[in-house]
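Asks: One structure, pasted below without further comment.
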Amino acid sequence: AGQQLRGRPGSLMAAPISFVIPVLNEAELVAPLLEGLRERYPLAELLVVDGGSSDGTVAAAMGLCDSLLVSPPGRARQMNLGGRAATGDYLFFLHADTSLSVSADALAEALAPCPSWGFFRVSLSGPGIPLRVVEWFMNRRSGLTRVATGDQVLFLDRALFEATGGFADIPLMEDVEYCKRLRALAAPSIIVHPVTTSSRRWEERGVARTILQMWWLRLAFAMGASPGRLHRIYYGG
(Lines give C-alpha, C1' and ligand atoms only; values in the text may rest on other atoms or scores of the structure.)
Protein backbone atom coordinates (compact mmCIF):
# COMPACT_ATOMS: atom_id res chain seq x y z
CA ALA A 1 0.00 0.00 0.00
CA GLY A 2 1.13 3.54 -0.64
CA GLN A 3 -0.05 7.07 -1.13
CA GLN A 4 0.65 9.28 -4.10
CA LEU A 5 1.10 12.94 -3.33
CA ARG A 6 1.84 15.04 -6.39
CA GLY A 7 4.59 15.80 -8.84
CA ARG A 8 5.59 18.72 -10.96
CA PRO A 9 2.90 20.37 -13.12
CA GLY A 10 2.59 19.23 -16.70
CA SER A 11 4.18 15.80 -16.17
CA LEU A 12 4.36 13.51 -19.18
CA MET A 13 1.85 10.65 -19.21
CA ALA A 14 4.42 8.26 -20.64
CA ALA A 15 8.19 8.24 -20.89
CA PRO A 16 10.89 6.14 -22.56
CA ILE A 17 12.50 5.51 -19.16
CA SER A 18 11.43 5.95 -15.56
CA PHE A 19 13.76 6.56 -12.65
CA VAL A 20 12.42 5.07 -9.42
CA ILE A 21 14.19 6.61 -6.42
CA PRO A 22 13.55 5.15 -2.95
CA VAL A 23 14.43 7.65 -0.21
CA LEU A 24 14.52 7.85 3.55
CA ASN A 25 15.86 11.00 5.21
CA GLU A 26 17.80 12.19 2.15
CA ALA A 27 16.84 15.88 2.26
CA GLU A 28 20.33 17.06 1.31
CA LEU A 29 20.70 14.74 -1.66
CA VAL A 30 17.30 14.41 -3.30
CA ALA A 31 16.91 17.89 -4.83
CA PRO A 32 20.36 18.00 -6.53
CA LEU A 33 19.79 14.45 -7.78
CA LEU A 34 16.40 15.28 -9.30
CA GLU A 35 17.65 18.52 -10.83
CA GLY A 36 20.56 16.72 -12.44
CA LEU A 37 18.34 13.97 -13.83
CA ARG A 38 15.85 16.48 -15.23
CA GLU A 39 18.62 18.42 -16.96
CA ARG A 40 20.32 15.35 -18.41
CA TYR A 41 17.22 13.29 -19.27
CA PRO A 42 14.38 15.76 -19.92
CA LEU A 43 12.05 13.09 -21.32
CA ALA A 44 12.47 10.68 -18.41
CA GLU A 45 9.85 10.12 -15.74
CA LEU A 46 11.08 10.78 -12.20
CA LEU A 47 9.36 8.96 -9.34
CA VAL A 48 10.39 9.43 -5.71
CA VAL A 49 9.14 6.92 -3.15
CA ASP A 50 9.53 8.08 0.43
CA GLY A 51 9.67 5.51 3.21
CA GLY A 52 8.60 7.79 6.03
CA SER A 53 11.29 10.47 6.22
CA SER A 54 11.39 12.63 9.33
CA ASP A 55 13.51 15.38 7.75
CA GLY A 56 12.72 17.62 4.80
CA THR A 57 13.03 14.98 2.07
CA VAL A 58 9.42 15.16 0.92
CA ALA A 59 9.43 18.96 0.78
CA ALA A 60 12.74 18.96 -1.11
CA ALA A 61 11.47 16.50 -3.72
CA MET A 62 8.02 18.01 -4.18
CA GLY A 63 7.75 19.82 -7.48
CA LEU A 64 10.97 18.35 -8.86
CA CYS A 65 9.62 14.89 -9.66
CA ASP A 66 6.70 13.64 -11.74
CA SER A 67 5.29 11.56 -8.90
CA LEU A 68 6.00 11.44 -5.19
CA LEU A 69 4.70 8.39 -3.40
CA VAL A 70 4.69 7.52 0.28
CA SER A 71 5.31 3.90 1.18
CA PRO A 72 5.80 1.79 4.28
CA PRO A 73 9.55 1.71 5.02
CA GLY A 74 11.72 -0.84 3.27
CA ARG A 75 13.69 -0.31 0.07
CA ALA A 76 12.15 -3.31 -1.72
CA ARG A 77 8.61 -2.16 -0.90
CA GLN A 78 9.41 1.37 -2.01
CA MET A 79 10.93 0.26 -5.30
CA ASN A 80 8.04 -2.10 -6.03
CA LEU A 81 5.51 0.66 -5.39
CA GLY A 82 7.40 3.02 -7.68
CA GLY A 83 7.87 0.36 -10.33
CA ARG A 84 4.16 -0.39 -10.42
CA ALA A 85 3.35 3.32 -10.78
CA ALA A 86 5.94 3.99 -13.48
CA THR A 87 4.97 4.41 -17.12
CA GLY A 88 8.38 4.10 -18.79
CA ASP A 89 9.41 1.31 -21.13
CA TYR A 90 12.45 0.79 -18.88
CA LEU A 91 12.61 1.15 -15.12
CA PHE A 92 15.84 2.38 -13.52
CA PHE A 93 16.09 1.85 -9.76
CA LEU A 94 18.34 4.60 -8.46
CA HIS A 95 19.63 5.22 -4.93
CA ALA A 96 19.65 8.83 -3.73
CA ASP A 97 23.44 8.79 -3.22
CA THR A 98 24.18 7.57 -6.75
CA SER A 99 24.44 9.79 -9.84
CA LEU A 100 24.52 9.17 -13.58
CA SER A 101 26.76 11.10 -15.95
CA VAL A 102 26.04 9.13 -19.12
CA SER A 103 24.43 11.32 -21.77
CA ALA A 104 20.86 10.77 -22.91
CA ASP A 105 22.11 9.79 -26.37
CA ALA A 106 24.58 7.25 -24.99
CA LEU A 107 21.92 5.79 -22.73
CA ALA A 108 19.50 5.50 -25.64
CA GLU A 109 22.23 3.76 -27.65
CA ALA A 110 22.80 1.28 -24.82
CA LEU A 111 19.07 0.50 -24.74
CA ALA A 112 18.70 0.27 -28.52
CA PRO A 113 19.25 -3.54 -28.60
CA CYS A 114 16.31 -3.82 -26.17
CA PRO A 115 18.06 -5.68 -23.34
CA SER A 116 15.77 -7.43 -20.86
CA TRP A 117 17.68 -6.10 -17.87
CA GLY A 118 21.07 -4.89 -16.76
CA PHE A 119 23.12 -2.58 -14.62
CA PHE A 120 26.03 -0.13 -14.77
CA ARG A 121 29.67 -0.28 -13.94
CA VAL A 122 30.33 1.69 -10.78
CA SER A 123 32.74 4.34 -9.56
CA LEU A 124 33.10 5.43 -5.92
CA SER A 125 33.01 9.14 -5.20
CA GLY A 126 36.02 9.41 -2.88
CA PRO A 127 39.70 9.74 -3.82
CA GLY A 128 42.51 7.31 -3.16
CA ILE A 129 43.95 4.05 -4.44
CA PRO A 130 42.03 1.78 -1.98
CA LEU A 131 38.69 2.94 -3.40
CA ARG A 132 39.92 2.44 -6.96
CA VAL A 133 40.81 -1.14 -6.03
CA VAL A 134 37.33 -1.62 -4.52
CA GLU A 135 35.75 -0.33 -7.74
CA TRP A 136 37.77 -2.75 -9.83
CA PHE A 137 36.73 -5.71 -7.73
CA MET A 138 33.07 -4.63 -7.65
CA ASN A 139 32.95 -4.34 -11.43
CA ARG A 140 34.90 -7.55 -11.93
CA ARG A 141 32.69 -9.51 -9.54
CA SER A 142 29.41 -8.24 -10.95
CA GLY A 143 30.58 -8.90 -14.50
CA LEU A 144 31.53 -12.48 -13.73
CA THR A 145 28.59 -13.37 -11.50
CA ARG A 146 25.97 -11.25 -13.32
CA VAL A 147 24.81 -10.08 -9.90
CA ALA A 148 24.84 -6.37 -9.10
CA THR A 149 24.22 -4.31 -6.00
CA GLY A 150 21.71 -1.47 -5.84
CA ASP A 151 24.55 1.03 -6.16
CA GLN A 152 24.94 -0.09 -9.78
CA VAL A 153 21.46 1.11 -10.84
CA LEU A 154 19.57 -2.03 -11.74
CA PHE A 155 17.31 -1.50 -14.78
CA LEU A 156 14.85 -3.73 -16.57
CA ASP A 157 12.09 -3.79 -19.11
CA ARG A 158 8.81 -2.83 -17.44
CA ALA A 159 7.08 -5.94 -18.80
CA LEU A 160 9.78 -8.12 -17.21
CA PHE A 161 9.40 -6.29 -13.91
CA GLU A 162 5.68 -7.00 -13.96
CA ALA A 163 6.13 -10.63 -15.03
CA THR A 164 8.67 -11.39 -12.29
CA GLY A 165 6.76 -9.61 -9.52
CA GLY A 166 9.52 -7.15 -8.74
CA PHE A 167 11.82 -7.25 -5.74
CA ALA A 168 11.36 -9.78 -2.98
CA ASP A 169 9.97 -8.12 0.14
CA ILE A 170 13.07 -8.64 2.26
CA PRO A 171 14.93 -5.99 4.32
CA LEU A 172 18.39 -6.61 2.84
CA MET A 173 19.92 -8.24 -0.24
CA GLU A 174 16.80 -7.55 -2.30
CA ASP A 175 19.04 -6.47 -5.19
CA VAL A 176 21.17 -9.62 -5.05
CA GLU A 177 18.11 -11.86 -4.84
CA TYR A 178 16.46 -10.16 -7.80
CA CYS A 179 19.58 -10.35 -9.98
CA LYS A 180 19.82 -14.07 -9.34
CA ARG A 181 16.25 -14.53 -10.52
CA LEU A 182 16.77 -12.31 -13.55
CA ARG A 183 20.04 -13.93 -14.68
CA ALA A 184 18.20 -17.26 -14.88
CA LEU A 185 15.97 -15.68 -17.53
CA ALA A 186 18.47 -13.66 -19.56
CA ALA A 187 22.02 -12.36 -19.46
CA PRO A 188 22.29 -8.76 -18.23
CA SER A 189 23.43 -5.83 -20.31
CA ILE A 190 26.27 -4.08 -18.46
CA ILE A 191 26.51 -0.40 -19.39
CA VAL A 192 30.16 0.59 -19.49
CA HIS A 193 29.55 4.26 -18.62
CA PRO A 194 30.00 4.13 -14.84
CA VAL A 195 27.61 5.59 -12.32
CA THR A 196 29.12 7.34 -9.31
CA THR A 197 27.98 6.26 -5.89
CA SER A 198 28.85 7.70 -2.51
CA SER A 199 31.88 6.22 -0.78
CA ARG A 200 30.62 7.38 2.64
CA ARG A 201 30.14 3.93 4.11
CA TRP A 202 33.62 2.88 3.00
CA GLU A 203 35.12 6.01 4.52
CA GLU A 204 33.13 5.79 7.76
CA ARG A 205 33.66 2.08 8.41
CA GLY A 206 37.03 1.59 6.75
CA VAL A 207 37.71 -0.07 3.40
CA ALA A 208 39.00 -3.41 4.73
CA ARG A 209 36.27 -3.74 7.34
CA THR A 210 33.54 -2.91 4.84
CA ILE A 211 34.84 -5.41 2.28
CA LEU A 212 34.97 -8.18 4.87
CA GLN A 213 31.51 -7.34 6.17
CA MET A 214 29.93 -7.24 2.70
CA TRP A 215 31.48 -10.54 1.67
CA TRP A 216 30.38 -12.13 4.95
CA LEU A 217 26.82 -10.85 4.46
CA ARG A 218 26.67 -12.15 0.89
CA LEU A 219 28.03 -15.54 1.94
CA ALA A 220 25.61 -15.76 4.85
CA PHE A 221 22.70 -14.84 2.57
CA ALA A 222 23.75 -17.46 0.00
CA MET A 223 23.80 -20.05 2.77
CA GLY A 224 20.27 -19.21 3.82
CA ALA A 225 20.68 -16.68 6.64
CA SER A 226 17.60 -14.60 7.40
CA PRO A 227 17.63 -11.22 5.57
CA GLY A 228 16.08 -9.71 8.70
CA ARG A 229 18.97 -10.89 10.85
CA LEU A 230 21.51 -9.67 8.29
CA HIS A 231 19.77 -6.30 8.19
CA ARG A 232 20.11 -5.97 11.97
CA ILE A 233 23.79 -6.86 11.79
CA TYR A 234 24.49 -4.45 8.93
CA TYR A 235 22.65 -1.49 10.41
CA GLY A 236 23.41 -2.27 14.02
CA GLY A 237 19.75 -2.62 14.97
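In the C-alpha coordinates, each chain is lettered A, B, ... as it comes, each chain's residues begin at 1, and ligands are numbered from 1 in order of appearance.
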Write out as number ranges by chain the set of residues from stretch 137-202 of chain A that DSSP, computed on the backbone, places in strand (DSSP E or B).
Replies: A: 155-157, 189-197
Asks: For the selection just defined, write its residues with N, CA and C atoms to a file, as a PDB file, in the first residue's frame.
Replies:
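This went into result-v1.pdb:
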ATOM      1  N   PHE A 155      18.392  -1.930 -13.891  1.00  0.00           N
ATOM      2  CA  PHE A 155      17.311  -1.505 -14.783  1.00  0.00           C
ATOM      3  C   PHE A 155      16.740  -2.720 -15.494  1.00  0.00           C
ATOM      4  N   LEU A 156      15.472  -2.625 -15.854  1.00  0.00           N
ATOM      5  CA  LEU A 156      14.851  -3.727 -16.572  1.00  0.00           C
ATOM      6  C   LEU A 156      13.631  -3.252 -17.341  1.00  0.00           C
ATOM      7  N   ASP A 157      13.287  -4.026 -18.335  1.00  0.00           N
ATOM      8  CA  ASP A 157      12.090  -3.788 -19.113  1.00  0.00           C
ATOM      9  C   ASP A 157      10.873  -3.846 -18.189  1.00  0.00           C
ATOM     10  N   SER A 189      22.645  -6.790 -19.539  1.00  0.00           N
ATOM     11  CA  SER A 189      23.431  -5.833 -20.311  1.00  0.00           C
ATOM     12  C   SER A 189      24.161  -4.955 -19.311  1.00  0.00           C
ATOM     13  N   ILE A 190      25.482  -4.896 -19.393  1.00  0.00           N
ATOM     14  CA  ILE A 190      26.270  -4.084 -18.465  1.00  0.00           C
ATOM     15  C   ILE A 190      26.703  -2.815 -19.191  1.00  0.00           C
ATOM     16  N   ILE A 191      26.196  -1.677 -18.752  1.00  0.00           N
ATOM     17  CA  ILE A 191      26.508  -0.402 -19.388  1.00  0.00           C
ATOM     18  C   ILE A 191      27.879   0.063 -18.903  1.00  0.00           C
ATOM     19  N   VAL A 192      28.765   0.321 -19.845  1.00  0.00           N
ATOM     20  CA  VAL A 192      30.160   0.595 -19.491  1.00  0.00           C
ATOM     21  C   VAL A 192      30.356   1.995 -18.915  1.00  0.00           C
ATOM     22  N   HIS A 193      29.447   2.929 -19.202  1.00  0.00           N
ATOM     23  CA  HIS A 193      29.554   4.262 -18.621  1.00  0.00           C
ATOM     24  C   HIS A 193      29.263   4.139 -17.120  1.00  0.00           C
ATOM     25  N   PRO A 194      30.230   4.401 -16.260  1.00  0.00           N
ATOM     26  CA  PRO A 194      29.996   4.130 -14.837  1.00  0.00           C
ATOM     27  C   PRO A 194      29.088   5.162 -14.178  1.00  0.00           C
ATOM     28  N   VAL A 195      28.319   4.687 -13.210  1.00  0.00           N
ATOM     29  CA  VAL A 195      27.609   5.590 -12.321  1.00  0.00           C
ATOM     30  C   VAL A 195      28.527   5.871 -11.131  1.00  0.00           C
ATOM     31  N   THR A 196      28.307   6.991 -10.474  1.00  0.00           N
ATOM     32  CA  THR A 196      29.117   7.343  -9.311  1.00  0.00           C
ATOM     33  C   THR A 196      28.265   7.234  -8.060  1.00  0.00           C
ATOM     34  N   THR A 197      28.721   6.428  -7.128  1.00  0.00           N
ATOM     35  CA  THR A 197      27.978   6.259  -5.887  1.00  0.00           C
ATOM     36  C   THR A 197      28.829   6.730  -4.706  1.00  0.00           C
TER      37      THR A 197
END
Asks: Please list as a list in words every residue within 7 Å of stretch 77-94 of chain A, counting only C-alpha atoms and excluding residues in the same chain fewer than 2 positions away.
Replies: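 The residues that qualify are Ala14, Ala15, Pro16, Ile17, Ser18, Phe19, Val20, Ile21, Pro22, Glu45, Leu47, Val49, Gly51, Ser71, Gly74, Arg75, Ala96, Thr98, Val153, Leu154, Phe155, Leu156, Asp157, Arg158, Gly166, Phe167 and Asp169 of chain A.
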Asks: Only N, CA, C and O atoms, please: the residues just picked out, written as an mmCIF file, in the first residue's frame.
Replies:
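In the end it all went to selection_20.cif:
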data_model
loop_
_atom_site.group_PDB
_atom_site.id
_atom_site.type_symbol
_atom_site.label_atom_id
_atom_site.label_comp_id
_atom_site.auth_asym_id
_atom_site.auth_seq_id
_atom_site.Cartn_x
_atom_site.Cartn_y
_atom_site.Cartn_z
ATOM 1 N N ALA A 14 3.597 9.432 -20.338
ATOM 2 C CA ALA A 14 4.415 8.265 -20.643
ATOM 3 C C ALA A 14 5.833 8.737 -20.898
ATOM 4 O O ALA A 14 6.067 9.890 -21.242
ATOM 5 N N ALA A 15 6.795 7.854 -20.729
ATOM 6 C CA ALA A 15 8.188 8.240 -20.894
ATOM 7 C C ALA A 15 8.971 7.035 -21.387
ATOM 8 O O ALA A 15 8.598 5.890 -21.131
ATOM 9 N N PRO A 16 10.074 7.273 -22.123
ATOM 10 C CA PRO A 16 10.893 6.137 -22.563
ATOM 11 C C PRO A 16 11.522 5.407 -21.385
ATOM 12 O O PRO A 16 11.658 4.186 -21.414
ATOM 13 N N ILE A 17 11.940 6.153 -20.352
ATOM 14 C CA ILE A 17 12.497 5.514 -19.156
ATOM 15 C C ILE A 17 11.929 6.192 -17.912
ATOM 16 O O ILE A 17 11.548 7.360 -17.943
ATOM 17 N N SER A 18 11.874 5.430 -16.849
ATOM 18 C CA SER A 18 11.426 5.950 -15.561
ATOM 19 C C SER A 18 12.512 5.692 -14.531
ATOM 20 O O SER A 18 13.028 4.569 -14.442
ATOM 21 N N PHE A 19 12.854 6.712 -13.779
ATOM 22 C CA PHE A 19 13.764 6.558 -12.652
ATOM 23 C C PHE A 19 12.934 6.420 -11.378
ATOM 24 O O PHE A 19 12.144 7.313 -11.057
ATOM 25 N N VAL A 20 13.114 5.314 -10.680
ATOM 26 C CA VAL A 20 12.425 5.068 -9.420
ATOM 27 C C VAL A 20 13.447 5.254 -8.303
ATOM 28 O O VAL A 20 14.449 4.530 -8.246
ATOM 29 N N ILE A 21 13.202 6.207 -7.418
ATOM 30 C CA ILE A 21 14.193 6.605 -6.419
ATOM 31 C C ILE A 21 13.619 6.409 -5.019
ATOM 32 O O ILE A 21 12.799 7.211 -4.563
ATOM 33 N N PRO A 22 14.000 5.338 -4.325
ATOM 34 C CA PRO A 22 13.552 5.155 -2.947
ATOM 35 C C PRO A 22 14.368 6.044 -2.011
ATOM 36 O O PRO A 22 15.593 6.102 -2.132
ATOM 37 N N GLU A 45 10.794 9.987 -16.844
ATOM 38 C CA GLU A 45 9.845 10.125 -15.739
ATOM 39 C C GLU A 45 10.606 9.938 -14.432
ATOM 40 O O GLU A 45 11.369 8.974 -14.284
ATOM 41 N N LEU A 47 10.241 9.337 -10.435
ATOM 42 C CA LEU A 47 9.359 8.956 -9.337
ATOM 43 C C LEU A 47 10.177 8.828 -8.061
ATOM 44 O O LEU A 47 11.173 8.101 -8.029
ATOM 45 N N VAL A 49 9.968 7.695 -4.076
ATOM 46 C CA VAL A 49 9.141 6.920 -3.149
ATOM 47 C C VAL A 49 9.742 7.064 -1.757
ATOM 48 O O VAL A 49 10.815 6.537 -1.475
ATOM 49 N N GLY A 51 9.982 6.570 2.254
ATOM 50 C CA GLY A 51 9.671 5.509 3.205
ATOM 51 C C GLY A 51 9.379 6.003 4.610
ATOM 52 O O GLY A 51 9.550 5.248 5.566
ATOM 53 N N SER A 71 5.373 5.354 1.039
ATOM 54 C CA SER A 71 5.314 3.903 1.184
ATOM 55 C C SER A 71 5.664 3.506 2.607
ATOM 56 O O SER A 71 6.350 4.245 3.320
ATOM 57 N N GLY A 74 11.152 0.374 3.847
ATOM 58 C CA GLY A 74 11.719 -0.844 3.267
ATOM 59 C C GLY A 74 12.012 -0.598 1.809
ATOM 60 O O GLY A 74 11.102 -0.297 1.024
ATOM 61 N N ARG A 75 13.295 -0.680 1.425
ATOM 62 C CA ARG A 75 13.690 -0.308 0.066
ATOM 63 C C ARG A 75 12.980 -1.151 -0.994
ATOM 64 O O ARG A 75 12.543 -0.636 -2.017
ATOM 65 N N ALA A 96 19.507 7.375 -3.828
ATOM 66 C CA ALA A 96 19.653 8.832 -3.731
ATOM 67 C C ALA A 96 21.106 9.271 -3.714
ATOM 68 O O ALA A 96 21.413 10.413 -4.078
ATOM 69 N N THR A 98 23.532 8.010 -5.513
ATOM 70 C CA THR A 98 24.181 7.570 -6.748
ATOM 71 C C THR A 98 23.782 8.511 -7.874
ATOM 72 O O THR A 98 22.630 8.925 -7.964
ATOM 73 N N VAL A 153 22.659 0.678 -10.104
ATOM 74 C CA VAL A 153 21.459 1.106 -10.842
ATOM 75 C C VAL A 153 20.899 -0.036 -11.690
ATOM 76 O O VAL A 153 21.074 -0.084 -12.913
ATOM 77 N N LEU A 154 20.229 -0.935 -11.048
ATOM 78 C CA LEU A 154 19.566 -2.029 -11.744
ATOM 79 C C LEU A 154 18.456 -1.474 -12.630
ATOM 80 O O LEU A 154 17.676 -0.629 -12.199
ATOM 81 N N PHE A 155 18.392 -1.930 -13.891
ATOM 82 C CA PHE A 155 17.311 -1.505 -14.783
ATOM 83 C C PHE A 155 16.740 -2.720 -15.494
ATOM 84 O O PHE A 155 17.422 -3.724 -15.693
ATOM 85 N N LEU A 156 15.472 -2.625 -15.854
ATOM 86 C CA LEU A 156 14.851 -3.727 -16.572
ATOM 87 C C LEU A 156 13.631 -3.252 -17.341
ATOM 88 O O LEU A 156 13.045 -2.207 -17.039
ATOM 89 N N ASP A 157 13.287 -4.026 -18.335
ATOM 90 C CA ASP A 157 12.090 -3.788 -19.113
ATOM 91 C C ASP A 157 10.873 -3.846 -18.189
ATOM 92 O O ASP A 157 10.768 -4.723 -17.348
ATOM 93 N N ARG A 158 9.959 -2.898 -18.350
ATOM 94 C CA ARG A 158 8.811 -2.834 -17.439
ATOM 95 C C ARG A 158 7.976 -4.113 -17.496
ATOM 96 O O ARG A 158 7.465 -4.581 -16.470
ATOM 97 N N GLY A 166 8.681 -8.139 -9.386
ATOM 98 C CA GLY A 166 9.523 -7.147 -8.735
ATOM 99 C C GLY A 166 10.443 -7.727 -7.685
ATOM 100 O O GLY A 166 10.764 -8.924 -7.678
ATOM 101 N N PHE A 167 10.869 -6.869 -6.784
ATOM 102 C CA PHE A 167 11.821 -7.246 -5.742
ATOM 103 C C PHE A 167 11.135 -8.083 -4.656
ATOM 104 O O PHE A 167 9.978 -7.833 -4.310
ATOM 105 N N ASP A 169 10.210 -9.004 -1.008
ATOM 106 C CA ASP A 169 9.970 -8.115 0.135
ATOM 107 C C ASP A 169 10.821 -8.570 1.319
ATOM 108 O O ASP A 169 10.333 -9.149 2.285
#
Asks: When you count only C-alpha atoms, which of these residues is closest to A:Pro130: A:Ser226, A:Asn25, A:Thr210, A:Ser99?
Replies: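 When distances to A:Pro130 are compared using only C-alpha atoms, the smallest one comes from A:Thr210.
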Asks: What's the separation between atom CA of A:Ser142 and atom CA of A:Leu100, in Å to one decimal place?
Replies: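 Atom CA of A:Leu100 lies at a distance of 18.3 Å from atom CA of A:Ser142.
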Asks: Using atom CA of A:Leu43 and atom CA of A:Leu68 as the two end points, give the distance in Å to one decimal.
Replies: 17.3 Å
Asks: Can you work out which one of A:Ser103, A:Asn139, A:Thr164, A:Ser199 has the shortest atom-to-atom distance to A:Gln152, counting only C-alpha atoms?
Replies: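 Ranking A:Ser103, A:Asn139, A:Thr164, A:Ser199 by distance to A:Gln152, first place goes to A:Asn139.
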Asks: Point out the residue among A:Asp97, A:Pro113, A:Gly56, A:Val23 with the least atom-to-atom distance to A:Val70, counting only C-alpha atoms.
Replies: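 Ranked by minimum distance to A:Val70, first place goes to A:Val23.
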Asks: Could you tell me how far atom CA of A:His95 sits from atom CA of A:Gly165, in Å to one decimal place?
Replies: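 Computing it gives 20.2 Å between the two atoms.
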Asks: Under the rule that only C-alpha atoms are counted, which of A:Leu46, A:Leu219, A:Val30, A:Val207 is the nearest residue to A:Ala60?
Replies: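 Of A:Leu46, A:Leu219, A:Val30, A:Val207, the one nearest A:Ala60 is A:Val30, counting only C-alpha atoms.
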Asks: Identify which of the residues A:Pro115, A:Asp105, A:Ala187, A:Leu212 lies closest to A:Val134, counting only C-alpha atoms when measuring atom-to-atom distances.
Replies: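 Looking only at the distances to A:Val134, the closest residue turns out to be A:Leu212.
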Asks: Go through A:Gly126, A:Ala27, A:Gly150, A:Arg141 and flag the residue nearest A:Glu204, using only C-alpha atoms for the distances.
Replies: A:Gly126
